[in-house]
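Undergrad: Encoded as structure tokens, here's the structure I'll be asking about.
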Amino acid sequence: MNCSNCQKELDQIDFRGIVINECSSCHGRWFDRGELQKAKDNTDEDLCWLDFDPFTKNEKHFNVIPEEAGICPKCSEKMSSLAYADSGVVIEKCEQCRGVWLDDGEFKKIIVYLENLMMTHSASEYVVDSFKQFVEIVTGPDSRISEAKDFLVILKLLKLRAAVEHSKIAELTNKIYQYLPFL
Ligand SMILES: [Zn+2]
Ligand SMILES: [Zn+2]
């Protein structure tokens, strides 16, 4: 596979526990189908509640931009450029093989943006949804206890948000954590 920017052959590198391809010249990175999502979750597990997948149905955060996109290093199809919400992050995706190309520094920008998002109001939708899911898991006909781990992530999210919005609530959640040290 060759770099979509400078045609140099891509190297295989270990990135956040997965093998991806990188250009040693421009430091662009190629993520095969699903690998970007994995790299994101491996970088910060709290972000597993935030979707970052330009291929999901009804995806509404990515906007196609007219910017010139490169050729897919995997299948030589023309890729398309997408901007993610108001993040300033631009990715290139290949509709054919569902891989994603990121220029140098874009991955970090994505992580920083999503981490900030988690601390702001936009994240509350996710938290509310997550709680609904949790109630379904616990009260549903086939209680899926293995998913309780997800609840710990939600608690952590809430704690983060509470810390931002109400320091009193943050104190309370801290107390809960003291009594339940296994959280
Ligand atoms: Zn390159
Ligand atoms: Zn492709």
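Chain labels run A, B, ... following the order of the structure tokens; each chain numbers its residues from 1, and ligands are numbered from 1 in the order shown.
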Using DSSP assignments from the backbone, pull out every residue in segment 2-87 of chain A that falls under strand (DSSP E) and give it to me as an MDAnalysis selection string.
TA: chainID A and resid 11:15 18:22 29:31 62:65 80:84
Undergrad: Taking only C-alpha atoms and all ligand atoms and a cut-off of 7 Å, can you tell me which residues surround ligand 2, written as a ChimeraX atom specification?
TA: /A:72-77,94-99
Undergrad: Restricted to N, CA and C atoms, what would the selected residues look like written as a PDB file, in the first residue's frame?
TA:
ATOM      1  N   CYS A  72      -7.606   5.860  -2.416  1.00  0.00           N
ATOM      2  CA  CYS A  72      -7.510   4.865  -1.339  1.00  0.00           C
ATOM      3  C   CYS A  72      -6.267   4.002  -1.526  1.00  0.00           C
ATOM      4  N   PRO A  73      -5.422   3.902  -0.487  1.00  0.00           N
ATOM      5  CA  PRO A  73      -4.207   3.102  -0.618  1.00  0.00           C
ATOM      6  C   PRO A  73      -4.508   1.607  -0.745  1.00  0.00           C
ATOM      7  N   LYS A  74      -5.684   1.224  -0.321  1.00  0.00           N
ATOM      8  CA  LYS A  74      -6.011  -0.200  -0.326  1.00  0.00           C
ATOM      9  C   LYS A  74      -6.612  -0.647  -1.657  1.00  0.00           C
ATOM     10  N   CYS A  75      -7.627   0.115  -2.127  1.00  0.00           N
ATOM     11  CA  CYS A  75      -8.313  -0.371  -3.324  1.00  0.00           C
ATOM     12  C   CYS A  75      -8.303   0.634  -4.469  1.00  0.00           C
ATOM     13  N   SER A  76      -7.508   1.693  -4.324  1.00  0.00           N
ATOM     14  CA  SER A  76      -7.323   2.671  -5.408  1.00  0.00           C
ATOM     15  C   SER A  76      -8.593   3.398  -5.844  1.00  0.00           C
ATOM     16  N   GLU A  77      -9.625   3.349  -5.013  1.00  0.00           N
ATOM     17  CA  GLU A  77     -10.826   4.131  -5.297  1.00  0.00           C
ATOM     18  C   GLU A  77     -10.589   5.574  -4.875  1.00  0.00           C
ATOM     19  N   CYS A  94     -12.910   5.832   2.401  1.00  0.00           N
ATOM     20  CA  CYS A  94     -13.144   5.068   1.176  1.00  0.00           C
ATOM     21  C   CYS A  94     -14.435   4.291   1.343  1.00  0.00           C
ATOM     22  N   GLU A  95     -15.410   4.586   0.515  1.00  0.00           N
ATOM     23  CA  GLU A  95     -16.715   3.952   0.598  1.00  0.00           C
ATOM     24  C   GLU A  95     -16.626   2.471   0.222  1.00  0.00           C
ATOM     25  N   GLN A  96     -15.649   2.150  -0.611  1.00  0.00           N
ATOM     26  CA  GLN A  96     -15.503   0.778  -1.101  1.00  0.00           C
ATOM     27  C   GLN A  96     -15.026  -0.200  -0.008  1.00  0.00           C
ATOM     28  N   CYS A  97     -13.910   0.132   0.643  1.00  0.00           N
ATOM     29  CA  CYS A  97     -13.356  -0.809   1.637  1.00  0.00           C
ATOM     30  C   CYS A  97     -13.597  -0.333   3.063  1.00  0.00           C
ATOM     31  N   ARG A  98     -14.231   0.851   3.198  1.00  0.00           N
ATOM     32  CA  ARG A  98     -14.577   1.409   4.500  1.00  0.00           C
ATOM     33  C   ARG A  98     -13.374   1.677   5.393  1.00  0.00           C
ATOM     34  N   GLY A  99     -12.261   2.003   4.761  1.00  0.00           N
ATOM     35  CA  GLY A  99     -11.087   2.422   5.496  1.00  0.00           C
ATOM     36  C   GLY A  99     -11.066   3.931   5.618  1.00  0.00           C
TER      37      GLY A  99
END
Undergrad: Step by step, measure atom-to-atom distances between ligand 1 and each residue using only C-alpha atoms and all ligand atoms, keep those at most 7 Å, then write them as a tab-separated table (two decimals) with N, CA and C atoms, in the first residue's frame.
TA:
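The result, stored in out02.tsv:
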chain	number	residue	atom	x	y	z
A	3	CYS	N	1.24	5.61	0.22
A	3	CYS	CA	0.67	6.80	0.85
A	3	CYS	C	-0.21	7.55	-0.14
A	4	SER	N	-1.35	8.04	0.37
A	4	SER	CA	-2.27	8.75	-0.51
A	4	SER	C	-1.78	10.19	-0.77
A	5	ASN	N	-0.84	10.67	0.04
A	5	ASN	CA	-0.29	12.01	-0.18
A	5	ASN	C	0.98	11.98	-1.03
A	6	CYS	N	1.94	11.10	-0.63
A	6	CYS	CA	3.25	11.18	-1.28
A	6	CYS	C	3.68	9.87	-1.95
A	7	GLN	N	2.74	8.95	-2.08
A	7	GLN	CA	2.96	7.71	-2.84
A	7	GLN	C	4.05	6.80	-2.27
A	8	LYS	N	4.65	7.18	-1.17
A	8	LYS	CA	5.67	6.35	-0.54
A	8	LYS	C	4.99	5.09	0.01
A	23	CYS	N	2.74	6.43	6.92
A	23	CYS	CA	3.74	6.92	5.97
A	23	CYS	C	4.89	7.54	6.76
A	24	SER	N	6.10	7.07	6.54
A	24	SER	CA	7.24	7.57	7.31
A	24	SER	C	7.63	8.97	6.87
A	25	SER	N	7.08	9.41	5.75
A	25	SER	CA	7.44	10.73	5.24
A	25	SER	C	6.48	11.82	5.74
A	26	CYS	N	5.16	11.66	5.50
A	26	CYS	CA	4.21	12.71	5.90
A	26	CYS	C	3.45	12.35	7.18
A	27	HIS	N	3.66	11.13	7.69
A	27	HIS	CA	3.01	10.64	8.91
A	27	HIS	C	1.50	10.56	8.80
A	28	GLY	N	0.99	10.43	7.57
A	28	GLY	CA	-0.42	10.10	7.39
A	28	GLY	C	-0.64	8.66	7.82
Undergrad: Using only C-alpha atoms, which of the listed residues (A:Phe15, A:Tyr84, A:Tyr113, A:Trp30) sits closest to Glu59 of chain A?
TA: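 That would be A:Tyr84, the residue with the smallest distance to Glu59 of chain A.
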Undergrad: From the options A:Ile18, A:Val64, A:Val89, A:Ile13, which residue's atoms come nearest to Lys40 of chain A, counting only C-alpha atoms?
TA: A:Ile18
Undergrad: For Phe31 of chain A, find every residue with an atom within 10 Å (counting only C-alpha atoms), except residues of its own chain fewer than 4 positions away, and show them as a list in words.
TA: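 Residues near the query, excluding close chain neighbours: Ile18, Val19, Ile20, Asn21, Glu22, Glu35, Leu36, Gln37, Lys38, Ala39, Lys93, Arg98, Gly99, Val100, Trp101 and Leu102 of chain A.
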Undergrad: Just to confirm, what's the straight-line distance from atom CA of Gly17 of chain A to atom CA of Asp86 of chain A in Å (one decimal)?
TA: 28.7 Å
Undergrad: Excluding same-chain residues fewer than 2 positions from Asp44 of chain A, what lies within 12 Å of it counting only C-alpha atoms, as a ChimeraX atom specification?
TA: /A:16,37-42,46-50,108,110-112,114-115,118,153
Undergrad: Could the residues in this selection be written to a file with N, CA and C atoms, as a short mmCIF file (atom, residue, chain, number, x, y, z; two decimals), in the first residue's frame?
TA:
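Result file selection-v5.cif:
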data_model
loop_
_atom_site.label_atom_id
_atom_site.label_comp_id
_atom_site.auth_asym_id
_atom_site.auth_seq_id
_atom_site.Cartn_x
_atom_site.Cartn_y
_atom_site.Cartn_z
N ARG A 16 -1.62 2.00 19.44
CA ARG A 16 -2.66 1.75 20.45
C ARG A 16 -3.10 0.28 20.44
N GLN A 37 -12.13 3.24 15.14
CA GLN A 37 -12.97 3.12 16.33
C GLN A 37 -12.21 2.41 17.45
N LYS A 38 -11.51 1.32 17.07
CA LYS A 38 -10.75 0.56 18.06
C LYS A 38 -9.63 1.41 18.66
N ALA A 39 -8.93 2.12 17.79
CA ALA A 39 -7.81 2.95 18.25
C ALA A 39 -8.31 4.02 19.22
N LYS A 40 -9.48 4.59 18.90
CA LYS A 40 -10.10 5.60 19.77
C LYS A 40 -10.41 5.00 21.15
N ASP A 41 -11.08 3.84 21.17
CA ASP A 41 -11.47 3.21 22.43
C ASP A 41 -10.24 2.79 23.23
N ASN A 42 -9.19 2.34 22.54
CA ASN A 42 -7.97 1.93 23.23
C ASN A 42 -7.23 3.13 23.83
N ASP A 46 -13.19 5.83 28.16
CA ASP A 46 -14.41 6.61 28.41
C ASP A 46 -15.05 7.06 27.10
N LEU A 47 -14.26 7.08 26.05
CA LEU A 47 -14.79 7.55 24.77
C LEU A 47 -15.58 6.48 24.03
N CYS A 48 -15.66 5.27 24.62
CA CYS A 48 -16.37 4.21 23.90
C CYS A 48 -17.86 4.52 23.80
N TRP A 49 -18.34 5.50 24.58
CA TRP A 49 -19.74 5.88 24.47
C TRP A 49 -19.98 6.89 23.37
N LEU A 50 -18.93 7.45 22.84
CA LEU A 50 -19.09 8.40 21.76
C LEU A 50 -18.72 7.71 20.45
N LYS A 108 -4.99 12.79 17.03
CA LYS A 108 -4.93 13.48 18.32
C LYS A 108 -6.05 14.52 18.41
N ILE A 110 -8.91 14.40 17.01
CA ILE A 110 -10.18 13.68 17.22
C ILE A 110 -10.35 13.37 18.70
N ILE A 111 -9.29 12.84 19.31
CA ILE A 111 -9.37 12.45 20.72
C ILE A 111 -9.64 13.69 21.59
N VAL A 112 -8.91 14.75 21.36
CA VAL A 112 -9.09 15.98 22.15
C VAL A 112 -10.51 16.51 21.98
N LEU A 114 -13.26 14.83 21.13
CA LEU A 114 -14.25 13.95 21.76
C LEU A 114 -14.19 14.05 23.28
N GLU A 115 -12.97 14.21 23.81
CA GLU A 115 -12.84 14.35 25.27
C GLU A 115 -13.50 15.64 25.74
N MET A 118 -17.26 15.28 25.70
CA MET A 118 -17.75 14.51 26.83
C MET A 118 -17.97 15.40 28.05
N VAL A 153 -18.58 2.84 33.51
CA VAL A 153 -18.14 3.90 32.59
C VAL A 153 -19.10 5.08 32.67
#
Undergrad: Could you give me, as a list in words, the residues within 12 Å of Val90 of chain A, counting only C-alpha atoms and dropping anything in the same chain fewer than 6 positions from it?
TA: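 Selected residues are Pro54, His61, Phe62, Asn63, Val64, Ile65, Pro66, Glu67, Glu68, Ala69, Ser80, Ser81, Leu82, Ala83, Tyr84, Val100, Trp101, Leu102, Asp103, Asp104, Gly105, Glu106, Phe107, Lys109 and Ile110 of chain A.
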Undergrad: For the selection you just gave me, I'd like the residues written to a file as a PDB file, in the first residue's frame, keeping C-alpha atoms.
TA:
ATOM      1  CA  PRO A  54     -18.274   7.732   9.399  1.00  0.00           C
ATOM      2  CA  HIS A  61     -21.885  14.510  12.420  1.00  0.00           C
ATOM      3  CA  PHE A  62     -19.744  14.045   9.324  1.00  0.00           C
ATOM      4  CA  ASN A  63     -20.251  16.484   6.456  1.00  0.00           C
ATOM      5  CA  VAL A  64     -18.901  15.926   2.978  1.00  0.00           C
ATOM      6  CA  ILE A  65     -16.643  18.796   1.961  1.00  0.00           C
ATOM      7  CA  PRO A  66     -15.531  19.629  -1.566  1.00  0.00           C
ATOM      8  CA  GLU A  67     -11.852  19.421  -0.573  1.00  0.00           C
ATOM      9  CA  GLU A  68      -9.744  17.305  -2.926  1.00  0.00           C
ATOM     10  CA  ALA A  69      -9.391  13.789  -1.517  1.00  0.00           C
ATOM     11  CA  SER A  80     -14.096  11.561  -0.093  1.00  0.00           C
ATOM     12  CA  SER A  81     -13.220  14.295   2.407  1.00  0.00           C
ATOM     13  CA  LEU A  82     -15.394  14.702   5.469  1.00  0.00           C
ATOM     14  CA  ALA A  83     -15.418  17.296   8.220  1.00  0.00           C
ATOM     15  CA  TYR A  84     -16.453  16.182  11.691  1.00  0.00           C
ATOM     16  CA  VAL A 100     -10.132   5.875   6.777  1.00  0.00           C
ATOM     17  CA  TRP A 101      -7.121   8.036   6.004  1.00  0.00           C
ATOM     18  CA  LEU A 102      -5.928  10.576   8.572  1.00  0.00           C
ATOM     19  CA  ASP A 103      -3.279  13.189   7.951  1.00  0.00           C
ATOM     20  CA  ASP A 104      -0.577  13.840  10.526  1.00  0.00           C
ATOM     21  CA  GLY A 105      -2.022  15.027  13.855  1.00  0.00           C
ATOM     22  CA  GLU A 106      -5.668  14.324  13.000  1.00  0.00           C
ATOM     23  CA  PHE A 107      -5.996  11.375  15.362  1.00  0.00           C
ATOM     24  CA  LYS A 109      -7.338  16.229  17.277  1.00  0.00           C
ATOM     25  CA  ILE A 110     -10.180  13.684  17.223  1.00  0.00           C
TER      26      ILE A 110
END
Undergrad: When you draw a straight line from atom CA of Asn58 of chain A to atom CA of Arg33 of chain A, how long is it in Å?
TA: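 The value is 17.9 Å.
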Undergrad: Would you compute the distance between atom CA of Met79 of chain A and atom CA of Glu92 of chain A? Give it in Å to one decimal.
TA: 6.0 Å
